[in-house]
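Peer 1: Sharing a structure below in structure tokens format, with a few things to ask.
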Amino acid sequence: MAISKEIRQKVRERAKYLCEYCHSSEEASAARFEIDHIQPRSRGGADTFENLALACQRCNSYRYNFTEGTDPESQVSTQLFNPRLHQWNEHFIWEKGGLVIRGKTSIGRATCDRLDLNDQEHNEGAIVKARRLWIQGGWHPPSNDDSES
């Protein structure tokens, strides 16, 4: 079932036009962000508003249909960050002036690892380079996000 244009817009507005995983701004992207199924369709997820999240192409691609990841600190499998159940600031913090996302909890660390939120495994650090430019432009990090002092 196709997600209507109206629901897509409501998802964008609810997310404040930020990727709900890495908090990149859709406005700073060359492409519109995707509508992600938190509980993937392939695992029985529905097209309901409550199951949808705004995701940049990077996060949506790396998340794929995963709902769990491994916390690199404890090596324990844990659920990934769910923007409908969890608060971003409880699980993540910006470090290095907004260049790097650090997971504060097992959920945050597993999500950082599974979604490669800092491009440590892919793209030769392209997201960190983009964040550097966004910071220079005053567009990043989002004003409501916690940052390391």
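Residues are named by chain letter and number: chains run A, B, ... in the order of the structure tokens, numbers start at 1 in each chain, and ligands are numbered from 1 in the order shown.
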Taking the DSSP secondary structure from the backbone, can you list the residues of chain A that are helix (DSSP H, G or I), as an MDAnalysis selection string?
Peer 2: chainID A and resid 5:14 26:28 41:43 49:51 57:63 88:91 96:98 106:114 123:137
Peer 1: Determine, counting only C-alpha atoms, which protein, DNA and RNA residues have an atom within 12 Å of an atom of A:Lys10; residues of the same chain fewer than 2 positions away are not included. Present the result as a list in words.
Peer 2: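 Here the qualifying residues turn out to be Ile3, Ser4, Lys5, Glu6, Ile7, Arg8, Arg12, Glu13, Arg14, Ala15, Lys16, Tyr17, Ile35, Thr48, Phe49, Glu50, Leu52, Ala53 and Leu54 of chain A.
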Peer 1: Residues within 9 Å of A:Arg58, please, as a list of chain:residue names. Count only C-alpha atoms; anything in the same chain fewer than 4 positions from it doesn't count.
Peer 2: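 Residues near the query, excluding close chain neighbours: A:Tyr62, A:Arg63, A:Leu115, A:Asp116, A:Leu117.
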Peer 1: Can you write just those residues out, all heavy atoms, as a PDB file, in the first residue's frame?
Peer 2:
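Result saved to out08.pdb:
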ATOM      1  N   TYR A  62      21.182   1.787   5.704  1.00  0.00           N
ATOM      2  CA  TYR A  62      21.936   0.981   6.671  1.00  0.00           C
ATOM      3  C   TYR A  62      21.022   0.265   7.661  1.00  0.00           C
ATOM      4  O   TYR A  62      21.345  -0.808   8.146  1.00  0.00           O
ATOM      5  CB  TYR A  62      22.954   1.826   7.428  1.00  0.00           C
ATOM      6  CG  TYR A  62      24.037   2.413   6.553  1.00  0.00           C
ATOM      7  CD1 TYR A  62      24.609   3.636   6.853  1.00  0.00           C
ATOM      8  CD2 TYR A  62      24.498   1.746   5.415  1.00  0.00           C
ATOM      9  CE1 TYR A  62      25.594   4.182   6.056  1.00  0.00           C
ATOM     10  CE2 TYR A  62      25.480   2.290   4.609  1.00  0.00           C
ATOM     11  CZ  TYR A  62      26.027   3.506   4.927  1.00  0.00           C
ATOM     12  OH  TYR A  62      26.999   4.045   4.139  1.00  0.00           O
ATOM     13  N   ARG A  63      19.887   0.869   7.966  1.00  0.00           N
ATOM     14  CA  ARG A  63      18.954   0.220   8.892  1.00  0.00           C
ATOM     15  C   ARG A  63      18.288  -0.968   8.210  1.00  0.00           C
ATOM     16  O   ARG A  63      17.995  -1.973   8.844  1.00  0.00           O
ATOM     17  CB  ARG A  63      17.901   1.208   9.397  1.00  0.00           C
ATOM     18  CG  ARG A  63      17.182   0.668  10.620  1.00  0.00           C
ATOM     19  CD  ARG A  63      16.265   1.686  11.230  1.00  0.00           C
ATOM     20  NE  ARG A  63      14.914   1.558  10.758  1.00  0.00           N
ATOM     21  CZ  ARG A  63      14.093   0.572  11.086  1.00  0.00           C
ATOM     22  NH1 ARG A  63      14.476  -0.391  11.889  1.00  0.00           N
ATOM     23  NH2 ARG A  63      12.886   0.519  10.610  1.00  0.00           N
ATOM     24  N   LEU A 115      23.771   1.649  12.113  1.00  0.00           N
ATOM     25  CA  LEU A 115      23.478   2.632  11.081  1.00  0.00           C
ATOM     26  C   LEU A 115      24.719   3.411  10.658  1.00  0.00           C
ATOM     27  O   LEU A 115      24.635   4.270   9.780  1.00  0.00           O
ATOM     28  CB  LEU A 115      22.388   3.594  11.548  1.00  0.00           C
ATOM     29  CG  LEU A 115      20.941   3.138  11.351  1.00  0.00           C
ATOM     30  CD1 LEU A 115      20.624   1.865  12.107  1.00  0.00           C
ATOM     31  CD2 LEU A 115      19.986   4.238  11.752  1.00  0.00           C
ATOM     32  N   ASP A 116      25.859   3.096  11.270  1.00  0.00           N
ATOM     33  CA  ASP A 116      27.129   3.763  10.954  1.00  0.00           C
ATOM     34  C   ASP A 116      26.922   5.277  10.903  1.00  0.00           C
ATOM     35  O   ASP A 116      27.250   5.947   9.922  1.00  0.00           O
ATOM     36  CB  ASP A 116      27.703   3.222   9.641  1.00  0.00           C
ATOM     37  CG  ASP A 116      29.176   3.563   9.442  1.00  0.00           C
ATOM     38  OD1 ASP A 116      29.849   3.925  10.430  1.00  0.00           O
ATOM     39  OD2 ASP A 116      29.644   3.480   8.296  1.00  0.00           O
ATOM     40  N   LEU A 117      26.378   5.826  11.989  1.00  0.00           N
ATOM     41  CA  LEU A 117      25.969   7.227  12.031  1.00  0.00           C
ATOM     42  C   LEU A 117      27.106   8.212  11.826  1.00  0.00           C
ATOM     43  O   LEU A 117      26.853   9.381  11.522  1.00  0.00           O
ATOM     44  CB  LEU A 117      25.247   7.534  13.354  1.00  0.00           C
ATOM     45  CG  LEU A 117      23.912   6.820  13.561  1.00  0.00           C
ATOM     46  CD1 LEU A 117      23.264   7.262  14.866  1.00  0.00           C
ATOM     47  CD2 LEU A 117      22.970   7.045  12.388  1.00  0.00           C
TER      48      LEU A 117
END
Peer 1: When DSSP works through the backbone of this structure, what residues of chain A end up as strand (DSSP E), shown as a list in words?
Peer 2: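 For chain A, the strand (DSSP E) set is Glu34, Ile35, Asp36, His37, Leu52, Ala53, Leu54, Ala55, Glu68, Gly69, Thr70, Ser77, Thr78, Gln79, Phe92, Ile93, Trp94, Glu95, Val100, Ile101, Arg102 and Gly103 of chain A.
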Peer 1: Give me the residues within 10 Å of A:Ser25 as a list in words, counting only C-alpha atoms and dropping any in the same chain fewer than 4 places off.
Peer 2: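 With the cut-off at 10 Å, the set is Ala15, Lys16, Tyr17, Leu18, Cys19, Glu20, Ser29, Arg32, Phe33, Ala55, Cys56, Arg131, Trp134, Trp139, His140, Pro141 and Pro142 of chain A.
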Peer 1: Based on the selection just made, write N, CA and C atoms of those residues as a CSV table (one decimal), in the first residue's frame.
Peer 2:
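again_34.csv written:
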chain,number,residue,atom,x,y,z
A,15,ALA,N,8.7,15.2,12.5
A,15,ALA,CA,10.2,15.0,12.6
A,15,ALA,C,10.9,16.3,12.6
A,16,LYS,N,10.2,17.4,12.4
A,16,LYS,CA,10.8,18.7,12.2
A,16,LYS,C,11.8,18.7,11.1
A,17,TYR,N,11.6,17.9,10.1
A,17,TYR,CA,12.4,17.9,8.9
A,17,TYR,C,13.8,17.4,9.2
A,18,LEU,N,14.0,16.6,10.2
A,18,LEU,CA,15.2,16.0,10.6
A,18,LEU,C,15.1,14.5,10.4
A,19,CYS,N,16.2,13.8,10.0
A,19,CYS,CA,16.3,12.4,10.0
A,19,CYS,C,16.1,12.0,11.5
A,20,GLU,N,15.2,11.1,11.8
A,20,GLU,CA,14.9,10.7,13.2
A,20,GLU,C,16.0,9.9,13.8
A,29,SER,N,20.0,18.6,2.6
A,29,SER,CA,20.3,17.4,1.8
A,29,SER,C,19.9,17.7,0.3
A,32,ARG,N,15.3,14.5,-1.0
A,32,ARG,CA,14.3,14.4,0.0
A,32,ARG,C,14.5,13.2,0.8
A,33,PHE,N,14.2,13.2,2.1
A,33,PHE,CA,14.4,12.1,3.0
A,33,PHE,C,13.3,11.0,2.7
A,55,ALA,N,13.7,9.4,7.5
A,55,ALA,CA,15.0,8.9,7.5
A,55,ALA,C,15.8,9.4,6.3
A,56,CYS,N,17.0,9.9,6.5
A,56,CYS,CA,17.9,10.2,5.4
A,56,CYS,C,18.2,8.9,4.6
A,131,ARG,N,28.7,17.5,8.0
A,131,ARG,CA,28.4,18.2,9.2
A,131,ARG,C,29.3,19.4,9.5
A,134,TRP,N,27.8,22.1,7.6
A,134,TRP,CA,26.6,22.6,8.2
A,134,TRP,C,26.8,23.4,9.5
A,139,TRP,N,23.7,25.6,10.7
A,139,TRP,CA,22.6,24.7,10.6
A,139,TRP,C,22.6,23.5,11.4
A,140,HIS,N,23.7,23.3,12.1
A,140,HIS,CA,23.9,22.0,12.8
A,140,HIS,C,24.8,22.3,14.1
A,141,PRO,N,24.6,21.5,15.1
A,141,PRO,CA,23.6,20.5,15.3
A,141,PRO,C,22.2,21.1,15.7
A,142,PRO,N,21.1,20.4,15.6
A,142,PRO,CA,19.8,20.9,15.9
A,142,PRO,C,19.8,21.5,17.3
Peer 1: Using only C-alpha atoms, find each residue of stretch 61-120 of chain A with at least one atom at most 8 Å away from an atom of stretch 143-147 of chain A; report its shortest atom-to-atom pair and that distance in Å (one decimal), sort the rows by chain and rising residue number, and return the result as a tab-separated table.
Peer 2:
residue	atom	partner	partner_atom	distance
A:Trp88	CA	A:Asp145	CA	7.8
A:Asn89	CA	A:Asp146	CA	5.9
A:Phe92	CA	A:Asp146	CA	7.7
A:Ile93	CA	A:Asp146	CA	5.3
A:Trp94	CA	A:Ser147	CA	4.5
A:Glu95	CA	A:Ser147	CA	6.2
A:Gly97	CA	A:Ser147	CA	7.2
A:Gly98	CA	A:Ser147	CA	6.9
Peer 1: Restricting the output to C-alpha atoms, write the selected residues as a PDB file, in the first residue's frame.
Peer 2:
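Result went into out_7.pdb, see below:
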ATOM      1  CA  TRP A  88      16.853  11.157  21.039  1.00  0.00           C
ATOM      2  CA  ASN A  89      18.631  13.065  23.832  1.00  0.00           C
ATOM      3  CA  PHE A  92      22.651  10.193  21.896  1.00  0.00           C
ATOM      4  CA  ILE A  93      24.883  13.212  22.374  1.00  0.00           C
ATOM      5  CA  TRP A  94      26.873  15.323  19.931  1.00  0.00           C
ATOM      6  CA  GLU A  95      30.643  15.354  20.411  1.00  0.00           C
ATOM      7  CA  GLY A  97      31.201  20.395  18.392  1.00  0.00           C
ATOM      8  CA  GLY A  98      28.480  18.471  16.552  1.00  0.00           C
TER       9      GLY A  98
END
Peer 1: Which neighbours of A:Pro72 fall inside 12 Å, counting only C-alpha atoms, when residues of the same chain fewer than 5 positions from it are skipped, and could you give them as a VMD selection string?
Peer 2: chain A and resid 77 to 78 102 to 114
Peer 1: Print the selection's residues with all heavy atoms to a file, as a short mmCIF file (atom, residue, chain, number, x, y, z; two decimals), in the first residue's frame.
Peer 2:
data_model
loop_
_atom_site.label_atom_id
_atom_site.label_comp_id
_atom_site.auth_asym_id
_atom_site.auth_seq_id
_atom_site.Cartn_x
_atom_site.Cartn_y
_atom_site.Cartn_z
N SER A 77 23.12 -8.02 22.20
CA SER A 77 22.13 -7.62 21.20
C SER A 77 21.03 -6.81 21.88
O SER A 77 20.53 -7.18 22.94
CB SER A 77 21.53 -8.86 20.53
OG SER A 77 20.60 -8.49 19.55
N THR A 78 20.66 -5.70 21.26
CA THR A 78 19.64 -4.82 21.83
C THR A 78 18.82 -4.21 20.71
O THR A 78 19.24 -4.20 19.55
CB THR A 78 20.28 -3.71 22.71
OG1 THR A 78 19.24 -2.98 23.36
CG2 THR A 78 21.13 -2.78 21.90
N ARG A 102 27.55 10.29 19.57
CA ARG A 102 27.97 9.21 20.46
C ARG A 102 26.73 8.63 21.12
O ARG A 102 25.88 9.36 21.60
CB ARG A 102 28.93 9.70 21.54
CG ARG A 102 29.34 8.57 22.50
CD ARG A 102 30.35 9.01 23.54
NE ARG A 102 29.92 10.10 24.38
CZ ARG A 102 29.13 9.96 25.47
NH1 ARG A 102 28.67 8.78 25.83
NH2 ARG A 102 28.81 11.01 26.18
N GLY A 103 26.64 7.30 21.13
CA GLY A 103 25.55 6.63 21.83
C GLY A 103 25.82 6.66 23.33
O GLY A 103 26.92 6.27 23.76
N LYS A 104 24.85 7.10 24.13
CA LYS A 104 25.00 7.16 25.59
C LYS A 104 24.50 5.90 26.27
O LYS A 104 24.83 5.66 27.43
CB LYS A 104 24.21 8.36 26.16
CG LYS A 104 24.63 9.69 25.59
CD LYS A 104 24.05 10.89 26.34
CE LYS A 104 22.59 10.95 26.50
NZ LYS A 104 22.10 12.22 27.06
N THR A 105 23.69 5.13 25.58
CA THR A 105 23.07 3.92 26.15
C THR A 105 23.35 2.75 25.22
O THR A 105 23.85 2.94 24.10
CB THR A 105 21.55 4.10 26.26
OG1 THR A 105 21.02 4.23 24.93
CG2 THR A 105 21.17 5.32 27.09
N SER A 106 22.98 1.55 25.64
CA SER A 106 23.16 0.40 24.76
C SER A 106 22.36 0.57 23.47
O SER A 106 22.85 0.23 22.39
CB SER A 106 22.80 -0.90 25.48
OG SER A 106 21.45 -0.89 25.88
N ILE A 107 21.16 1.12 23.57
CA ILE A 107 20.35 1.38 22.37
C ILE A 107 21.06 2.38 21.47
O ILE A 107 21.16 2.20 20.26
CB ILE A 107 18.94 1.87 22.77
CG1 ILE A 107 18.13 0.72 23.37
CG2 ILE A 107 18.22 2.50 21.59
CD1 ILE A 107 16.80 1.12 23.99
N GLY A 108 21.57 3.46 22.06
CA GLY A 108 22.28 4.46 21.27
C GLY A 108 23.53 3.92 20.62
O GLY A 108 23.80 4.17 19.44
N ARG A 109 24.32 3.16 21.39
CA ARG A 109 25.56 2.61 20.84
C ARG A 109 25.27 1.60 19.73
O ARG A 109 25.93 1.59 18.69
CB ARG A 109 26.41 1.98 21.94
CG ARG A 109 27.00 3.01 22.90
CD ARG A 109 27.95 2.38 23.91
NE ARG A 109 27.31 1.42 24.80
CZ ARG A 109 26.74 1.72 25.96
NH1 ARG A 109 26.71 2.97 26.39
NH2 ARG A 109 26.22 0.76 26.71
N ALA A 110 24.28 0.73 19.94
CA ALA A 110 23.93 -0.26 18.92
C ALA A 110 23.42 0.43 17.65
O ALA A 110 23.73 0.00 16.54
CB ALA A 110 22.88 -1.23 19.46
N THR A 111 22.67 1.50 17.82
CA THR A 111 22.14 2.24 16.67
C THR A 111 23.27 2.95 15.93
O THR A 111 23.33 2.92 14.70
CB THR A 111 21.05 3.24 17.12
OG1 THR A 111 20.01 2.51 17.79
CG2 THR A 111 20.47 3.99 15.93
N CYS A 112 24.18 3.59 16.67
CA CYS A 112 25.33 4.24 16.04
C CYS A 112 26.12 3.23 15.21
O CYS A 112 26.54 3.53 14.09
CB CYS A 112 26.25 4.88 17.09
SG CYS A 112 25.67 6.44 17.75
N ASP A 113 26.30 2.05 15.76
CA ASP A 113 27.07 1.01 15.10
C ASP A 113 26.33 0.46 13.87
O ASP A 113 26.88 0.42 12.78
CB ASP A 113 27.38 -0.11 16.09
CG ASP A 113 28.29 -1.16 15.51
OD1 ASP A 113 29.44 -0.82 15.15
OD2 ASP A 113 27.86 -2.33 15.40
N ARG A 114 25.09 0.04 14.04
CA ARG A 114 24.31 -0.59 12.95
C ARG A 114 24.09 0.39 11.80
O ARG A 114 24.21 0.04 10.64
CB ARG A 114 22.97 -1.10 13.49
CG ARG A 114 21.99 -1.57 12.43
CD ARG A 114 22.43 -2.76 11.64
NE ARG A 114 22.38 -3.95 12.44
CZ ARG A 114 22.88 -5.11 12.07
NH1 ARG A 114 23.46 -5.24 10.91
NH2 ARG A 114 22.81 -6.16 12.85
#
Peer 1: Which of these, A:Ser24, A:Gln75, A:Asn118, A:Ser61, has the shortest distance to A:Asp36 once you count only C-alpha atoms?
Peer 2: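 With only C-alpha atoms as the atom set, the closest residue is A:Ser61.
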